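K.L.:
Before I ask anything, let me first share the structure, which is written out below as structure tokens.
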Amino acid sequence: MQEYYSLFSLPERYAIDPARLEDAYRSVQAQVHPDRFAHRPEAERRVAMQWATLANEAFRTLKSPLERARYLLERRGAPVDPERNTGMSPAFLMQQMEWRESVEEAASDAVELERLHRELARDERVMFDDLAQALDEAADLPRAGELVQRLMFMEKLRREITDALARLEE
Amino acid sequence: MAYSEKVLDHYENPRNVGSFAKEEAETVGTGMVGAPACGDVMKLQIKVNAAGVIEDAKFKTYGCGSAIASSSLVTEWVKGKTLDEALGIKNTQIAEELALPPVKIHCSILAEDAIKAAVEDYRKKHDSQ
């Protein structure tokens, strides 16, 4: 399968320029757009369609900071297996449990939920910076894998908070 | 996706929710596990008597119905078991008892790993004395 970074002619690094990614995606999409193949033979139309699907998938993956890291780890032979890997650091899990308790307790307190959301965003930013460092500078794949797993918990937390806020607005 | 009746029963009436008091820490083993795939976090505690038998268990789980049911179920199953017997509980038994669909198998894995982590924590505390 065509590799995502080369599909968009981008260097295979974690740090990515979102504007450049967007431009590259649009240019690939324009080349394989169904309108351009409307009068072409069936086989060509099918191939164009496959390229368009691949470009969508590649764009979606590279655009997401978490999915991009998982993709790079897979490419480098250290895929994250979030289904099987339950042995996270107890201190981290304890902190997650405390976060979830705080969200539960603040269920009807929009101000507190907003505050938790900001705190979470701050922690996440630090972790994403560490992740970029681990992937692009240190080439420390175990560290990067651990950070990806932690960030998956953070994403779940974020959803819990936004869901709680949405329920308050109803 | 529909939950099985047994999952719903444990979900609506979870057994043994909570934590043991800090004063009991000496006889308690705590297992913390988490599943990054769904962001579930599970804490399982076992209280072990002088004969090495688990006399009580408690859990706290943030997760889907299947994760809550799996942990609720194992708190019932480990009671009266020795540590080694508790380690014999397999995720396949949990999944079978609760009729978990394939996409929820990881919840039963989480519960099995929580037992292992709790036993390990208890043994670590007692071997180092």
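Identifiers for the structure tokens are assigned positionally: chains receive A, B, ... in sequence, residues are indexed from 1 per chain, and ligands are indexed from 1 in the order shown.
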Just asking: which residues within chain B are helix (DSSP H, G or I) according to DSSP, as JSON, numbers by chain?
P.N.:
{"B": [5, 6, 7, 8, 9, 10, 11, 12, 22, 23, 24, 25, 26, 27, 65, 66, 67, 68, 69, 70, 71, 72, 73, 74, 75, 76, 77, 78, 83, 84, 85, 86, 87, 91, 92, 93, 94, 95, 96, 97, 98, 102, 103, 104, 105, 106, 107, 108, 109, 110, 111, 112, 113, 114, 115, 116, 117, 118, 119, 120, 121, 122, 123, 124, 125, 126, 127]}
K.L.:
Against chain B, which residues of chain A fall within 10 Å? For each one I want the closest pair of atoms and the distance in Å (one decimal), counting only C-alpha atoms, rows by chain and increasing residue number, as JSON lines.
P.N.:
{"residue": "A:Val80", "atom": "CA", "partner": "B:Pro36", "partner_atom": "CA", "distance": 9.6}
{"residue": "A:Asp81", "atom": "CA", "partner": "B:Ala37", "partner_atom": "CA", "distance": 8.2}
{"residue": "A:Pro82", "atom": "CA", "partner": "B:Ala37", "partner_atom": "CA", "distance": 4.7}
{"residue": "A:Glu83", "atom": "CA", "partner": "B:Ala37", "partner_atom": "CA", "distance": 5.5}
{"residue": "A:Arg84", "atom": "CA", "partner": "B:His106", "partner_atom": "CA", "distance": 7.1}
{"residue": "A:Asn85", "atom": "CA", "partner": "B:Ala35", "partner_atom": "CA", "distance": 6.7}
{"residue": "A:Thr86", "atom": "CA", "partner": "B:Gly34", "partner_atom": "CA", "distance": 5.0}
{"residue": "A:Gly87", "atom": "CA", "partner": "B:Val33", "partner_atom": "CA", "distance": 5.9}
{"residue": "A:Met88", "atom": "CA", "partner": "B:Val33", "partner_atom": "CA", "distance": 6.6}
{"residue": "A:Ser89", "atom": "CA", "partner": "B:Val33", "partner_atom": "CA", "distance": 8.5}
{"residue": "A:Pro90", "atom": "CA", "partner": "B:Met32", "partner_atom": "CA", "distance": 5.8}
{"residue": "A:Ala91", "atom": "CA", "partner": "B:Met32", "partner_atom": "CA", "distance": 8.9}
{"residue": "A:Phe92", "atom": "CA", "partner": "B:Met32", "partner_atom": "CA", "distance": 9.6}
{"residue": "A:Leu93", "atom": "CA", "partner": "B:Met32", "partner_atom": "CA", "distance": 6.6}
{"residue": "A:Met94", "atom": "CA", "partner": "B:Met32", "partner_atom": "CA", "distance": 7.3}
{"residue": "A:Gln96", "atom": "CA", "partner": "B:Val41", "partner_atom": "CA", "distance": 7.4}
{"residue": "A:Met97", "atom": "CA", "partner": "B:Val41", "partner_atom": "CA", "distance": 6.6}
{"residue": "A:Arg100", "atom": "CA", "partner": "B:Tyr62", "partner_atom": "CA", "distance": 7.3}
{"residue": "A:Glu101", "atom": "CA", "partner": "B:Tyr62", "partner_atom": "CA", "distance": 8.8}
{"residue": "A:Val148", "atom": "CA", "partner": "B:Pro36", "partner_atom": "CA", "distance": 8.9}
{"residue": "A:Gln149", "atom": "CA", "partner": "B:Pro36", "partner_atom": "CA", "distance": 5.5}
{"residue": "A:Arg150", "atom": "CA", "partner": "B:Pro36", "partner_atom": "CA", "distance": 7.2}
{"residue": "A:Leu151", "atom": "CA", "partner": "B:Pro36", "partner_atom": "CA", "distance": 8.4}
{"residue": "A:Met152", "atom": "CA", "partner": "B:Pro36", "partner_atom": "CA", "distance": 5.6}
{"residue": "A:Phe153", "atom": "CA", "partner": "B:Gly39", "partner_atom": "CA", "distance": 4.6}
{"residue": "A:Met154", "atom": "CA", "partner": "B:Gly39", "partner_atom": "CA", "distance": 7.9}
{"residue": "A:Glu155", "atom": "CA", "partner": "B:Gly39", "partner_atom": "CA", "distance": 7.9}
{"residue": "A:Lys156", "atom": "CA", "partner": "B:Gly39", "partner_atom": "CA", "distance": 5.4}
{"residue": "A:Leu157", "atom": "CA", "partner": "B:Gly39", "partner_atom": "CA", "distance": 7.7}
K.L.:
Would you mind listing what lies within 12 Å of Arg122 (chain A) as a PyMOL selection string, with only C-alpha atoms counted and same-chain residues fewer than 6 positions away left out?
P.N.:
chain A and resi 115-116+128-129+154+158
K.L.:
Please produce an output containing N, CA and C atoms for each residue in the selection, written as a PDB file, in the first residue's frame.
P.N.:
ATOM      1  N   ARG A 115     -13.000  24.351  33.917  1.00  0.00           N
ATOM      2  CA  ARG A 115     -11.680  24.412  34.541  1.00  0.00           C
ATOM      3  C   ARG A 115     -10.935  23.089  34.330  1.00  0.00           C
ATOM      4  N   LEU A 116     -11.650  21.979  34.515  1.00  0.00           N
ATOM      5  CA  LEU A 116     -11.043  20.665  34.303  1.00  0.00           C
ATOM      6  C   LEU A 116     -10.600  20.517  32.846  1.00  0.00           C
ATOM      7  N   PHE A 128       1.925  15.945  24.236  1.00  0.00           N
ATOM      8  CA  PHE A 128       2.144  15.965  22.778  1.00  0.00           C
ATOM      9  C   PHE A 128       3.540  16.499  22.437  1.00  0.00           C
ATOM     10  N   ASP A 129       4.026  17.465  23.219  1.00  0.00           N
ATOM     11  CA  ASP A 129       5.395  17.961  23.009  1.00  0.00           C
ATOM     12  C   ASP A 129       6.406  16.852  23.273  1.00  0.00           C
ATOM     13  N   MET A 154      -6.504  10.302  27.814  1.00  0.00           N
ATOM     14  CA  MET A 154      -6.816  11.724  27.901  1.00  0.00           C
ATOM     15  C   MET A 154      -7.951  12.079  26.932  1.00  0.00           C
ATOM     16  N   ARG A 158     -11.483  13.755  27.785  1.00  0.00           N
ATOM     17  CA  ARG A 158     -11.967  14.960  27.113  1.00  0.00           C
ATOM     18  C   ARG A 158     -13.411  14.762  26.650  1.00  0.00           C
TER      19      ARG A 158
END
K.L.:
Skipping near chain neighbours, those fewer than 6 positions away, what residues fall within 12 Å of Glu5 (chain B) using only C-alpha atoms, listed as a ChimeraX atom specification?
P.N.:
/B:11-13,65-66,69,97-100
K.L.:
Could you pull out the strand (DSSP E or B) residues of chain B, going by DSSP on the backbone, and write them as an NGL selection string?
P.N.:
:B and (17 or 28-35 or 40-48 or 53-62 or 82)
K.L.:
Identify, on the basis of only C-alpha atoms, every residue whose closest approach to His33 (chain A) does not exceed 8 Å; exclude the query and any residue fewer than 4 positions from it along the same chain; express the result as a VMD selection string.
P.N.:
chain A and resid 29 37 48 to 49 52
K.L.:
With C-alpha atoms retained, write the just-selected residues as a short mmCIF file (atom, residue, chain, number, x, y, z; two decimals), in the first residue's frame.
P.N.:
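Final output, saved to selection_21.cif:
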data_model
loop_
_atom_site.label_atom_id
_atom_site.label_comp_id
_atom_site.auth_asym_id
_atom_site.auth_seq_id
_atom_site.Cartn_x
_atom_site.Cartn_y
_atom_site.Cartn_z
CA GLN A 29 -7.94 14.92 -4.51
CA PHE A 37 -12.81 10.36 -14.90
CA ALA A 48 -9.16 6.83 -9.41
CA MET A 49 -11.75 5.97 -6.79
CA ALA A 52 -9.37 9.07 -3.60
#
